[in-house]
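Source file: run06.txt (compact mmCIF, C-alpha atoms)
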# COMPACT_ATOMS: atom_id res chain seq x y z
CA ARG M 1 124.34 21.52 23.69
CA ARG M 2 122.16 18.46 23.03
CA ALA M 3 121.88 19.45 19.34
CA ARG M 4 125.70 19.61 19.09
CA ARG M 5 126.03 16.18 20.74
CA LEU M 6 123.49 14.68 18.36
CA ALA M 7 125.29 16.17 15.36
CA MET M 8 128.59 14.75 16.63
CA TRP M 9 127.03 11.31 17.18
CA ARG M 10 125.38 11.40 13.73
CA ARG M 11 128.79 11.99 12.13
CA ALA M 12 130.42 9.35 14.33
CA ALA M 13 127.78 6.77 13.37
CA LEU M 14 129.07 6.96 9.80
CA VAL M 15 132.69 6.23 10.83
CA PRO M 16 133.70 2.56 10.62
CA ALA M 17 134.17 0.79 13.95
CA ARG M 18 137.65 -0.11 15.16
CA HIS M 19 138.51 -3.77 14.93
CA SER M 20 141.26 -6.20 15.84
CA ARG M 21 143.88 -7.02 13.26
CA ARG M 22 142.39 -10.46 12.82
CA ALA M 23 139.03 -9.09 11.67
CA SER M 24 138.21 -7.37 8.41
CA SER M 25 135.12 -6.36 6.46
CA ASN M 26 135.92 -8.88 3.71
CA PRO M 27 134.56 -12.44 3.92
CA ALA M 28 136.83 -15.37 3.19
CA PRO M 29 136.97 -16.54 -0.44
CA GLY M 30 133.99 -18.78 -1.19
CA ALA M 31 131.99 -17.66 1.83
CA PRO M 32 128.35 -16.68 1.15
CA MET M 33 128.15 -12.98 0.36
CA ARG M 34 126.37 -10.91 3.03
CA PRO M 35 125.43 -7.23 3.02
CA ARG M 36 128.38 -5.01 3.80
CA ARG M 37 126.21 -2.91 6.08
CA ILE M 38 122.76 -3.06 7.60
CA VAL M 39 121.54 0.49 8.15
CA LEU M 40 118.53 1.25 10.36
CA ILE M 41 116.92 4.66 9.88
CA ARG M 42 114.30 6.06 12.22
CA HIS M 43 111.68 8.20 10.47
CA GLY M 44 112.07 11.98 10.53
CA GLU M 45 110.25 14.11 13.07
CA SER M 46 106.49 13.52 12.79
CA ALA M 47 103.47 15.57 13.74
CA GLY M 48 102.97 13.15 16.62
CA ASN M 49 106.52 13.73 17.90
CA LEU M 50 105.74 17.44 17.96
CA ASP M 51 102.21 17.25 19.42
CA GLU M 52 100.71 14.11 20.97
CA ALA M 53 97.22 15.52 20.39
CA ALA M 54 97.71 14.64 16.71
CA TYR M 55 96.96 11.01 17.64
CA THR M 56 93.46 11.99 18.76
CA ARG M 57 92.57 13.27 15.28
CA VAL M 58 94.56 11.12 12.87
CA PRO M 59 95.23 7.35 12.97
CA ASP M 60 98.81 6.72 14.02
CA TRP M 61 99.71 5.04 10.74
CA ARG M 62 98.62 8.15 8.78
CA ILE M 63 100.67 10.66 10.80
CA ASP M 64 103.03 12.52 8.45
CA LEU M 65 106.37 14.30 8.83
CA THR M 66 106.79 17.89 9.94
CA PRO M 67 108.80 20.31 7.76
CA LEU M 68 111.78 19.66 10.06
CA GLY M 69 111.21 15.92 9.64
CA GLU M 70 111.42 16.36 5.87
CA GLU M 71 114.70 18.22 6.21
CA GLN M 72 116.05 15.50 8.52
CA SER M 73 115.03 12.76 6.08
CA THR M 74 116.70 14.55 3.18
CA GLN M 75 119.92 14.77 5.21
CA ALA M 76 119.65 11.06 6.04
CA GLY M 77 119.50 10.38 2.30
CA ARG M 78 122.65 12.41 1.74
CA ASP M 79 124.42 10.52 4.53
CA LEU M 80 123.36 7.21 2.99
CA GLN M 81 124.45 8.26 -0.49
CA ARG M 82 127.94 8.93 0.88
CA MET M 83 128.01 5.33 2.14
CA LEU M 84 127.07 4.16 -1.35
CA ALA M 85 129.92 5.98 -3.10
CA GLY M 86 131.75 2.80 -4.15
CA PRO M 87 131.39 1.57 -7.74
CA GLN M 88 129.80 -1.72 -6.61
CA ALA M 89 127.61 -0.21 -3.89
CA LYS M 90 123.95 -1.25 -3.96
CA ALA M 91 121.03 -0.83 -1.56
CA TYR M 92 117.93 -2.90 -0.81
CA PHE M 93 115.25 -1.13 1.25
CA TYR M 94 112.62 -2.23 3.75
CA HIS M 95 110.13 0.21 5.19
CA SER M 96 107.22 0.28 7.58
CA PRO M 97 103.83 0.99 5.91
CA TYR M 98 103.29 4.05 8.14
CA GLN M 99 103.03 7.36 6.30
CA ARG M 100 105.96 8.90 8.20
CA THR M 101 108.31 6.06 7.27
CA ARG M 102 107.10 5.96 3.66
CA ARG M 103 107.68 9.72 3.36
CA THR M 104 111.09 9.39 5.01
CA LEU M 105 112.07 6.73 2.48
CA GLU M 106 110.74 8.85 -0.40
CA LEU M 107 112.97 11.74 0.65
CA VAL M 108 115.95 9.45 1.27
CA LEU M 109 115.60 7.98 -2.23
CA ARG M 110 115.63 11.44 -3.79
CA GLU M 111 119.24 11.74 -2.59
CA VAL M 112 120.34 8.24 -3.60
CA ASP M 113 121.54 7.36 -7.09
CA PRO M 114 118.67 5.27 -8.60
CA ALA M 115 121.23 2.94 -10.18
CA LYS M 116 122.26 1.90 -6.67
CA VAL M 117 118.77 0.69 -5.68
CA VAL M 118 118.14 -3.02 -6.31
CA GLY M 119 114.75 -3.27 -4.60
CA ARG M 120 112.38 -2.21 -1.85
CA ARG M 121 109.78 -3.97 0.25
CA GLU M 122 106.95 -2.65 2.40
CA GLU M 123 107.06 -4.67 5.61
CA PRO M 124 104.20 -4.50 8.18
CA ARG M 125 106.23 -6.42 10.78
CA ILE M 126 108.48 -3.38 11.29
CA SER M 127 105.54 -1.07 12.02
CA GLU M 128 105.32 1.12 15.11
CA GLN M 129 104.32 -0.39 18.43
CA GLN M 130 100.52 -0.43 18.57
CA PHE M 131 99.03 1.88 21.21
CA GLY M 132 95.36 1.29 20.38
CA ASN M 133 93.23 3.15 17.86
CA LEU M 134 92.54 6.90 18.00
CA GLN M 135 94.25 7.83 21.23
CA ASP M 136 93.17 9.88 24.21
CA VAL M 137 96.13 12.03 25.24
CA ALA M 138 95.49 11.86 28.98
CA ALA M 139 94.91 8.09 28.92
CA THR M 140 98.06 7.53 26.86
CA GLN M 141 100.13 9.65 29.23
CA ARG M 142 98.80 7.65 32.18
CA ALA M 143 99.66 4.42 30.38
CA LYS M 144 103.19 5.65 29.65
CA ALA M 145 103.65 6.51 33.34
CA GLU M 146 102.48 2.99 34.23
CA ARG M 147 104.89 1.56 31.66
CA LYS M 148 107.81 3.40 33.23
CA ALA M 149 106.97 1.92 36.62
CA PHE M 150 106.11 -1.57 35.30
CA GLY M 151 108.95 -1.92 32.79
CA ARG M 152 109.07 -0.84 29.15
CA PHE M 153 109.62 -4.28 27.66
CA TYR M 154 106.71 -6.19 29.18
CA TYR M 155 104.11 -3.46 29.64
CA ARG M 156 101.21 -3.86 27.19
CA PHE M 157 99.18 -0.81 26.27
CA PRO M 158 95.39 -1.26 26.59
CA LEU M 159 94.16 -2.42 23.14
CA GLY M 160 97.79 -2.30 21.98
CA GLU M 161 101.14 -4.09 22.14
CA SER M 162 104.06 -4.59 24.47
CA ALA M 163 107.67 -4.29 23.34
CA LEU M 164 107.76 -8.09 23.67
CA ASP M 165 105.08 -8.30 20.97
CA VAL M 166 107.19 -6.10 18.68
CA TYR M 167 110.23 -8.25 19.45
CA SER M 168 108.29 -11.34 18.35
CA ARG M 169 107.31 -9.91 14.98
CA VAL M 170 110.82 -8.53 14.42
CA THR M 171 112.15 -12.05 15.04
CA SER M 172 109.95 -13.29 12.20
CA PHE M 173 111.13 -10.42 10.00
CA LEU M 174 114.77 -11.49 10.44
CA ALA M 175 114.01 -14.77 8.69
CA THR M 176 112.72 -12.78 5.70
CA VAL M 177 115.89 -10.67 5.66
CA HIS M 178 117.95 -13.85 5.57
CA ARG M 179 115.90 -15.29 2.70
CA ASP M 180 116.23 -12.05 0.76
CA MET M 181 120.01 -12.29 1.04
CA GLY M 182 119.82 -15.66 -0.70
CA THR M 183 117.39 -14.37 -3.34
CA LEU M 184 119.65 -11.44 -4.23
CA ARG M 185 122.67 -13.75 -4.40
CA ALA M 186 120.83 -16.13 -6.71
CA ALA M 187 119.77 -13.22 -8.96
CA GLY M 188 123.34 -11.91 -9.14
CA GLN M 189 122.32 -8.65 -7.45
CA MET M 190 124.34 -9.05 -4.24
CA THR M 191 127.73 -7.35 -4.48
CA ASP M 192 130.43 -7.17 -1.82
CA ASP M 193 129.20 -3.60 -1.19
CA THR M 194 125.44 -4.22 -0.86
CA HIS M 195 123.61 -2.40 1.93
CA PHE M 196 120.32 -3.46 3.50
CA VAL M 197 118.47 -0.35 4.68
CA ILE M 198 115.54 -0.56 7.12
CA VAL M 199 113.36 2.55 7.60
CA SER M 200 111.32 2.05 10.73
CA HIS M 201 110.44 3.39 14.20
CA GLY M 202 112.42 3.97 17.39
CA LEU M 203 111.16 1.06 19.46
CA CYS M 204 111.17 -1.31 16.51
CA ILE M 205 114.82 -0.45 15.85
CA ARG M 206 115.67 -1.14 19.50
CA THR M 207 113.94 -4.53 19.47
CA PHE M 208 115.65 -5.38 16.17
CA LEU M 209 119.04 -4.71 17.76
CA MET M 210 118.06 -6.53 20.93
CA ARG M 211 117.17 -9.62 18.90
CA TRP M 212 120.15 -9.43 16.55
CA PHE M 213 122.79 -8.92 19.24
CA GLN M 214 121.01 -11.11 21.83
CA LEU M 215 120.81 -8.29 24.36
CA THR M 216 118.98 -8.71 27.63
CA VAL M 217 115.74 -7.13 28.80
CA SER M 218 117.82 -4.96 31.12
CA ASP M 219 119.88 -3.78 28.15
CA PHE M 220 116.68 -2.89 26.32
CA GLU M 221 115.34 -0.97 29.31
CA ALA M 222 118.54 1.10 29.36
CA MET M 223 118.54 1.82 25.61
CA SER M 224 117.31 5.12 24.13
CA ASN M 225 115.49 5.61 20.86
CA PRO M 226 117.87 6.91 18.19
CA PRO M 227 117.10 10.51 17.15
CA ASN M 228 114.72 11.13 14.26
CA ALA M 229 116.24 10.34 10.85
CA SER M 230 119.51 9.13 12.38
CA LEU M 231 121.42 6.22 10.83
CA VAL M 232 122.24 3.26 13.06
CA VAL M 233 124.97 1.38 11.21
CA MET M 234 125.88 -2.32 11.51
CA GLU M 235 129.07 -3.31 9.71
CA ARG M 236 129.97 -6.75 8.43
CA ARG M 237 133.12 -8.23 9.91
CA ALA M 238 134.91 -11.50 9.17
CA ASN M 239 137.87 -13.49 10.43
CA GLN M 240 140.33 -15.83 8.74
CA ALA M 241 138.19 -18.85 9.66
CA GLY M 242 135.41 -17.54 7.41
CA GLN M 243 133.05 -16.56 10.24
CA GLN M 244 131.03 -13.40 9.65
CA TRP M 245 129.23 -11.12 12.06
CA TYR M 246 128.00 -7.54 12.39
CA GLU M 247 129.09 -4.80 14.75
CA LEU M 248 127.54 -1.44 15.48
CA THR M 249 129.77 1.57 14.92
CA ALA M 250 130.84 3.45 18.03
CA GLY M 251 128.71 6.40 16.97
CA SER M 252 125.66 4.18 16.66
CA TRP M 253 126.21 2.84 20.18
CA ALA M 254 126.41 6.45 21.36
CA LEU M 255 123.01 7.24 19.81
CA LEU M 256 121.44 4.29 21.62
CA ASN M 257 123.31 4.90 24.86
CA ALA M 258 122.59 8.64 25.06
CA GLU M 259 121.94 8.44 28.80
CA GLY M 260 125.09 6.40 29.47
CA ARG M 261 123.17 3.54 31.11
CA ILE M 262 124.48 0.67 28.95
CA ASP M 263 127.68 -1.00 30.16
CA LEU M 264 129.36 -1.90 26.88
CA LYS M 265 132.14 -3.77 28.68
CA THR M 266 129.53 -6.15 30.07
CA ILE M 267 127.71 -6.51 26.74
CA ARG M 268 130.90 -7.30 24.84
CA ALA M 269 132.43 -9.57 27.49
CA SER M 270 132.84 -13.37 27.38
CA GLY M 271 133.20 -15.19 24.14
CA GLY M 272 131.72 -17.44 21.51
CA TRP M 273 134.73 -18.41 19.37
CA PRO M 274 138.20 -17.26 20.57
CA GLY M 275 138.56 -13.50 20.43
CA ALA M 276 134.93 -12.80 19.57
CA PRO M 277 132.34 -11.29 21.93
CA ARG M 278 129.39 -13.54 22.76
CA ARG M 279 126.76 -11.02 21.70
CA ARG M 280 127.49 -10.73 18.03
CA LEU M 281 125.16 -12.33 15.57
CA VAL M 282 127.27 -14.92 13.76
CA ILE M 283 126.14 -16.13 10.35
CA SER M 284 127.69 -19.55 9.94
CA ASP M 285 128.74 -21.27 6.74
CA ASP M 286 125.58 -23.40 6.70
CA ASP M 287 123.46 -20.24 6.28
CA ALA M 288 121.88 -20.61 9.74
CA LEU M 289 121.09 -17.52 11.78
CA ASP M 290 122.70 -17.78 15.20
CA GLY M 291 120.24 -16.21 17.63

Represent the structure contained in this file as structure tokens.
Amino acid sequence: RRARRLAMWRRAALVPARHSRRASSNPAPGAPMRPRRIVLIRHGESAGNLDEAAYTRVPDWRIDLTPLGEEQSTQAGRDLQRMLAGPQAKAYFYHSPYQRTRRTLELVLREVDPAKVVGRREEPRISEQQFGNLQDVAATQRAKAERKAFGRFYYRFPLGESALDVYSRVTSFLATVHRDMGTLRAAGQMTDDTHFVIVSHGLCIRTFLMRWFQLTVSDFEAMSNPPNASLVVMERRANQAGQQWYELTAGSWALLNAEGRIDLKTIRASGGWPGAPRRRLVISDDDALDG
């Protein structure tokens, strides 16, 4: 039953979100061109996902995909290629340096038309949360139990990181993403159908979304990791005033809210400009990131 739900959510994540009549995916004439979509892909199933004892033998950053993880990553590439079907569609990729994310990207790119790819960047700031060095399974399990009681966002693993630490480096990464938008525009490589694709890890994806949409710590605590090799899709929207923002598709919200603990009515309530939810990232005309 869970497998059927995940398959349904995966398909739904690729369906455009519903919007008001005043919003569209097209920016106003003369507005700075932004990516049509930002797509976050969690790596495929890894040996560590299957058996935590793998972390006692192999450094976390060298853990590779399982055969199932390779199949999942290949399917993610097919899903992405369908998004890139338009004649002007392009993709710029970021990936964590970890072996499982590098392998996921390699398999994704096998399914994507090479003519669609305008660049890729290895980005250490979107690496997995650090849990220490070679890990002791029993000690890590105890630490995870402590984290559950203490709170997932602020708990710091011994010799490792807290989710707050990951949030801080993701915040720095967002500035790079913004600069890369400008670089691609200046080079004439940004089309109206450009996609930024980020291949990373579950917790890093959650902190990215928390930062982008200005979610609270409580929202983060309620959020689930997206399934391995799933696509979390953010779509560009615009209004007649020239303001642009991104929204997650309904299917993407479902992946992150698998346990039903996030109150979307609360998250999307109260406004910035008239008719717009407060917790959308708005990119203003002066190229400043709001949030």

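Using only C-alpha atoms, the shortest contact distance between M:Lys116 and any of M:Met234, M:Ala175, M:Ala85, M:Val170 is found at M:Ala85.
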
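One finds atom CA of M:Pro226 at 11.1 Å from atom CA of M:Ser200.
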
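You will find atom CA of M:Asn49 at 21.4 Å from atom CA of M:Arg125.
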
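Of the residues under consideration (M:Leu209, M:Ala139, M:Leu80, M:Val118), M:Val118 shows the shortest atom-to-atom contact distance to M:Met181 when counting all atoms listed in the file.
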
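Reported to one decimal place, the separation of atom CA of M:Gly77 from atom CA of M:Leu105 is 8.3 Å.
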
**Q.** Within-12 Å shell of (131.3, -1.9, -12.3) in input frame, all atoms listed in the file, as a ChimeraX atom specification
**A.** /M:86-90,115-116,191-193

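The neighbours of M:Asn228 here are the residues that come within 9 Å of it, using all atoms listed in the file and leaving out any residue fewer than 4 positions away in the same chain; they are Ile41, Arg42, His43, Gly44, Glu45, Ser46, Gly69, Gln72, Ser73, His201 and Gly202 of chain M.
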
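When all atoms listed in the file are used to compute distances to M:Glu123, the closest of the residues M:Gln244, M:Thr176, M:Thr249, M:Gln75 turns out to be M:Thr176.
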
Residues of stretch 71-141 of chain M within 6 Å of stretch 146-169 of chain M: nearest atom pair and distance (Å, one decimal) for each, counting all atoms listed in the file, sorted by chain and number, as a tab-separated table?
residue	atom	partner	partner_atom	distance
M:Arg125	CA	M:Arg169	CA	5.6
M:Gln130	CA	M:Gly160	CA	4.8
M:Phe131	CA	M:Gly160	CA	4.4
M:Gly132	CA	M:Gly160	CA	4.6

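For the choices M:Ile38, M:Phe196, M:Ile205, M:Arg110, the atom-to-atom distance to M:Leu184 is smallest for M:Phe196 when using all atoms listed in the file.
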
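Of the residues listed (M:Val177, M:Ala53, M:Ile198, M:Leu215), M:Ala53 shows the shortest atom-to-atom separation from M:Asp136; distances use only C-alpha atoms.
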
Q: Go through M:Thr66, M:Ser252, M:Thr140, M:Thr183 one by one, measure the shortest atom-to-atom distance of each to M:Leu231 using all atoms listed in the file, and give the residue with the smallest value.
A: M:Ser252

Q.
Need the shell around M:Met210: protein/DNA/RNA residues with any atom at most 8 Å away, counting all atoms listed in the file. Skip same-chain ones fewer than 4 positions apart. Format as a VMD selection string?
A. chain M and resid 206 214 to 216 219 to 220

Write a file of the just-selected residues containing C-alpha atoms, as a PDB file, in the frame of the given file.
ATOM      1  CA  ARG M 206     115.670  -1.140  19.500  1.00  0.00           C
ATOM      2  CA  GLN M 214     121.010 -11.110  21.830  1.00  0.00           C
ATOM      3  CA  LEU M 215     120.810  -8.290  24.360  1.00  0.00           C
ATOM      4  CA  THR M 216     118.980  -8.710  27.630  1.00  0.00           C
ATOM      5  CA  ASP M 219     119.880  -3.780  28.150  1.00  0.00           C
ATOM      6  CA  PHE M 220     116.680  -2.890  26.320  1.00  0.00           C
TER       7      PHE M 220
END
